[in-house]
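> Shown below is the structure under consideration.
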Amino acid sequence: MEPLNGIDKSRVLDVKPLRTLTPVFPTGAQAPNFGCMPPFGHTPNGFSPFFPFSAPPQAQATQHSPDLNHVNPPAMQTPAGPMPAPLRSYRAPNPSGGLPHDFPEESNGDRESSMGDEDGYFDGHKDVAGSSSSRKKTTRGSYRKKVRRNGDADAVVLGSSVNFVSVISPAQLEDGNRDLVNYVLMNFDAIRRRICQIEDTKEKNTDSIKRADLKAGNIAMTKKVRTNMRRRIGPVPGVEIGDIFFFRMEMCVVGLHAPSMAGIDYMTLRGDLEKDPIALSIVSSGGYEDDTDSSDVLIYSGQGGITNSKDKQVAVTDQKLERGNLALERSLQRGNEVRVIRGLKDDTTPNSKVYIYDGLYKIQESWTERGKSGGNMFKYKLVRVSGQPDAFSVLQTIRKWKDGFSSRAGLVLPDLTSGSERIPVSLVNEVDNEKGPAYFTYLPSLKYSKSFTLTQPSLGCKCRNACLPGDMNCSCIQKNEGEFPYTGNGILVSRKQLVYECGASCPCPPNCKNRVSQSGVKVRLEVFRTKDRGWGLRSWDPIRAGAFICEYAGEVIDEAKFKNKGDEGEIDEYVFDTRRNFDSFKWNYEPGLLDEESPNDSVEAYSIPYPLIISAKNAGNVSRFINHSCSPNVFWQPVLYEQNNQSFLHIGFFAIRHIPPLTELTYDYGVSMSGGAGNNNGPHRKKKCLCGSSKCRGYFG
DNA sequence: GCCCGATCACAAAT
DNA sequence: CATTTGTGATCGGG
């Protein structure tokens, strides 16, 4: 059994793998999903760690607006809340079950390194925002500078700022670590999403940016928001086997695979008289006739032979033994390990690919053969180095589950929502004999049992068709400060004080892009038995940063009643409470990376109309199974929309970063303020947190 | 409505 | 500075 308290040093040194794949893949690692140490060591000495989600404990992410908070209407008898929920109930085969809010199962494996250097670069105690903004506890209104937010995208000049100073030190540019990699990737995607948002508002064919990924990559490269520039054979510090990417540029900025386009990365060793290149990494993504059927053998085609000239002619010639092909040939002779990234179609988002870092391979043999198009091409047989955690094979296995070619081991129930969600949610247990969680009613959305009244009237928009970004006549877009909160494929662009979605009285159809959080779960989820934290939640699909996962469904509880309940000692483990203390964290991009007056809310504090307490004990959705972590991969975002002419607050869960399949989803439960802030011993329901992360507060709840 | 191919506009390293 | 590398978005046809 895993030592629960603190980090098991032997394990850290032992470089165990990363992902929690235990139930399915016994060889897989038991190590953590987030903030882990690079699998093969290589953490450079002398660099201070960087903690994107740490903050002074008093920092609050939530703010309740007092002026809107006077509302405590008498409870209504009828449960006819705004959501006429389909109240399908599900009775577990065995009504005894674990609690979801148990202790985190994994020691995190974070490096325990010294912090607190004063060099002006990265520092865990320093605000992530870097030089400019120091993020302290904010008072309402103080940070809300009145800035141009009229959606005039042309006023934003992309990538020409000279003011930005990267907080990444020269040494950190050369050699990364997990936190740096996360920081770089988070900024890359935040820039990319913002560019998409800006471009969505523009008319088509007006010198628009068609490749936001390339533009974001260019900004990250030129503004030095990147790491691992040192070219190296073997592992890249901070990049873990099983990490997923959605753009070639992402692998570029973290140093996993340097070329922005070419499939073979190679280098020439200094001082090597032969000047022969060595292969470092390859990307297999379907452009050539690779054989990718096996999970640990890859038949990789050499590069070249296809001349895609500008005159629309595709000439096919023989490949030459030069550049990448020569490098692979030399690496075969040398026997050095080559990083392999496998790309495949991402079912969840049309027209896009997902890349997974599959670890190290060795080139076993090479030959030439005539390709289908006529030219001779080089072929290389690469064999996966044994003892590495599963990565690509996980995707293959999930594919088989989905296609029905193999069945999910440990399956208890194919769909615990009984059809309430559009996509089924499996219940699986490969750990013990528990047959399921305790009885609860599956409720796909939030249920207000009493009437809430807001001082501000809630009016819907008048868009007959789906609301379009850039339509400044749409009142729902106006409420969002003129900015459409989501990209075209439903990804949240930035954390905001409050996201306003279209509501029931808006004439726009259900597929309006401004209804992301109200249309239910969109990824294939499973509730699974953890080793020691009861049940947990994870996804079969890769999840992109910013993607909506689910809302916190349950029954809204009256604030006064909730307190009484606590006094009686009846502890509700399934509570979401906006009044808790939540550590602030940075998710939007660093100010200055794009030339905007106020790029995003540089202080990512929520501002919500009234405190919201939700209990999912008796009725709830998949979110009641999400466990706590101090290093989470999911965050909550308040979302407001209208029903019966009143605005109702909802809690949406979104991915902090890209989440590989079968990685447990976790969010930060926050800390209850009653019983004394930070007081661990209060009469309270605080629980000792054993996540082992260097960011761990020690308790939660 | 969906899948496939054609087309096009781009970035980094050397 | 030109060349070499292929991707990711979009659009039209089957």
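Note on naming: chains are A, B, ... as they come in the structure tokens, residues start from 1 per chain, ligands start from 1 in the order shown.
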Using DSSP on the backbone coordinates, identify the residues of segment 315-365 of chain A assigned to helix (DSSP H, G or I); present them as a PyMOL selection string.
chain A and resi 323-334
> Could you tell me which residues of chain A sit within 10 Å of chain B when counting only C-alpha atoms (C1' of nucleotides), and give me the result as a PDB file with N, CA and C atoms, in the first residue's frame?

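Result went into result-v9.pdb, see below:
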```
ATOM      1  N   ILE A 209      -6.466  35.701 -39.004  1.00  0.00           N
ATOM      2  CA  ILE A 209      -5.454  34.723 -38.631  1.00  0.00           C
ATOM      3  C   ILE A 209      -6.093  33.350 -38.743  1.00  0.00           C
ATOM      4  N   LYS A 210      -5.645  32.592 -39.717  1.00  0.00           N
ATOM      5  CA  LYS A 210      -6.304  31.309 -39.939  1.00  0.00           C
ATOM      6  C   LYS A 210      -5.711  30.227 -39.063  1.00  0.00           C
ATOM      7  N   ARG A 211      -4.515  30.443 -38.603  1.00  0.00           N
ATOM      8  CA  ARG A 211      -3.873  29.423 -37.785  1.00  0.00           C
ATOM      9  C   ARG A 211      -3.492  30.022 -36.437  1.00  0.00           C
ATOM     10  N   LEU A 214      -0.393  28.490 -34.838  1.00  0.00           N
ATOM     11  CA  LEU A 214       0.918  28.964 -35.288  1.00  0.00           C
ATOM     12  C   LEU A 214       1.219  30.346 -34.714  1.00  0.00           C
ATOM     13  N   LYS A 215       0.205  31.182 -34.684  1.00  0.00           N
ATOM     14  CA  LYS A 215       0.425  32.529 -34.158  1.00  0.00           C
ATOM     15  C   LYS A 215       0.771  32.467 -32.674  1.00  0.00           C
ATOM     16  N   GLY A 217       2.050  29.983 -31.122  1.00  0.00           N
ATOM     17  CA  GLY A 217       3.376  29.393 -31.011  1.00  0.00           C
ATOM     18  C   GLY A 217       4.462  30.404 -31.290  1.00  0.00           C
ATOM     19  N   ASN A 218       4.230  31.206 -32.284  1.00  0.00           N
ATOM     20  CA  ASN A 218       5.208  32.236 -32.630  1.00  0.00           C
ATOM     21  C   ASN A 218       5.409  33.220 -31.482  1.00  0.00           C
ATOM     22  N   MET A 221       7.330  31.510 -28.681  1.00  0.00           N
ATOM     23  CA  MET A 221       8.742  31.344 -29.016  1.00  0.00           C
ATOM     24  C   MET A 221       9.485  32.666 -28.906  1.00  0.00           C
ATOM     25  N   MET A 249       2.767  22.747 -32.304  1.00  0.00           N
ATOM     26  CA  MET A 249       3.466  23.853 -31.654  1.00  0.00           C
ATOM     27  C   MET A 249       3.638  23.619 -30.145  1.00  0.00           C
ATOM     28  N   CYS A 252       6.650  21.838 -29.546  1.00  0.00           N
ATOM     29  CA  CYS A 252       7.743  22.751 -29.868  1.00  0.00           C
ATOM     30  C   CYS A 252       8.132  23.594 -28.656  1.00  0.00           C
ATOM     31  N   ALA A 258      11.302  19.681 -31.537  1.00  0.00           N
ATOM     32  CA  ALA A 258      11.588  21.059 -31.923  1.00  0.00           C
ATOM     33  C   ALA A 258      10.990  21.515 -33.256  1.00  0.00           C
ATOM     34  N   PRO A 259      11.044  20.727 -34.304  1.00  0.00           N
ATOM     35  CA  PRO A 259      10.555  21.250 -35.582  1.00  0.00           C
ATOM     36  C   PRO A 259       9.064  21.543 -35.538  1.00  0.00           C
ATOM     37  N   SER A 260       8.674  22.646 -36.098  1.00  0.00           N
ATOM     38  CA  SER A 260       7.259  22.990 -36.056  1.00  0.00           C
ATOM     39  C   SER A 260       6.461  22.147 -37.027  1.00  0.00           C
ATOM     40  N   MET A 261       7.123  21.602 -38.026  1.00  0.00           N
ATOM     41  CA  MET A 261       6.392  20.801 -39.001  1.00  0.00           C
ATOM     42  C   MET A 261       7.007  19.425 -39.224  1.00  0.00           C
ATOM     43  N   ALA A 262       8.290  19.355 -39.405  1.00  0.00           N
ATOM     44  CA  ALA A 262       8.914  18.091 -39.785  1.00  0.00           C
ATOM     45  C   ALA A 262       8.668  17.013 -38.743  1.00  0.00           C
ATOM     46  N   LYS A 312       0.569  23.574 -57.376  1.00  0.00           N
ATOM     47  CA  LYS A 312      -0.478  22.563 -57.188  1.00  0.00           C
ATOM     48  C   LYS A 312      -0.083  21.197 -57.745  1.00  0.00           C
TER      49      LYS A 312
END
```
> Using only C-alpha atoms (C1' of nucleotides), find each residue of chain C with at least one atom at most 7 Å away from an atom of chain A; report its shortest atom-to-atom pair and that distance in Å (one decimal), sort the rows by chain and rising residue number, and return the result as a tab-separated table.

```
residue	atom	partner	partner_atom	distance
C:DT5	C1'	A:Ala262	CA	4.3
C:DG6	C1'	A:Met261	CA	5.2
C:DT7	C1'	A:Met261	CA	6.7
C:DA9	C1'	A:Lys210	CA	6.9
```
> What is the distance between atom CA of Gly536 of chain A and atom CA of Ile626 of chain A, in Å to one decimal?
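Taking atom CA of Gly536 of chain A and atom CA of Ile626 of chain A, their separation equals 5.4 Å.
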> So how far away is atom CA of Leu525 of chain A from atom CA of Glu421 of chain A, in Å?
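Separating atom CA of Glu421 of chain A from atom CA of Leu525 of chain A is a distance of 10.6 Å.
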> Going by DSSP on the backbone, which bits of segment 282-431 of chain A are strand (DSSP E)? Write them as a PyMOL selection string, please.
chain A and resi 282-284+297-301+306-308+314-316+337-345+353-370+376-384+411-413+425-428
> Have a look at atom CA of Asp179 of chain A and atom CA of Ala545 of chain A and let me know their distance in Å, one decimal.
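Separating atom CA of Asp179 of chain A from atom CA of Ala545 of chain A is a distance of 15.8 Å.
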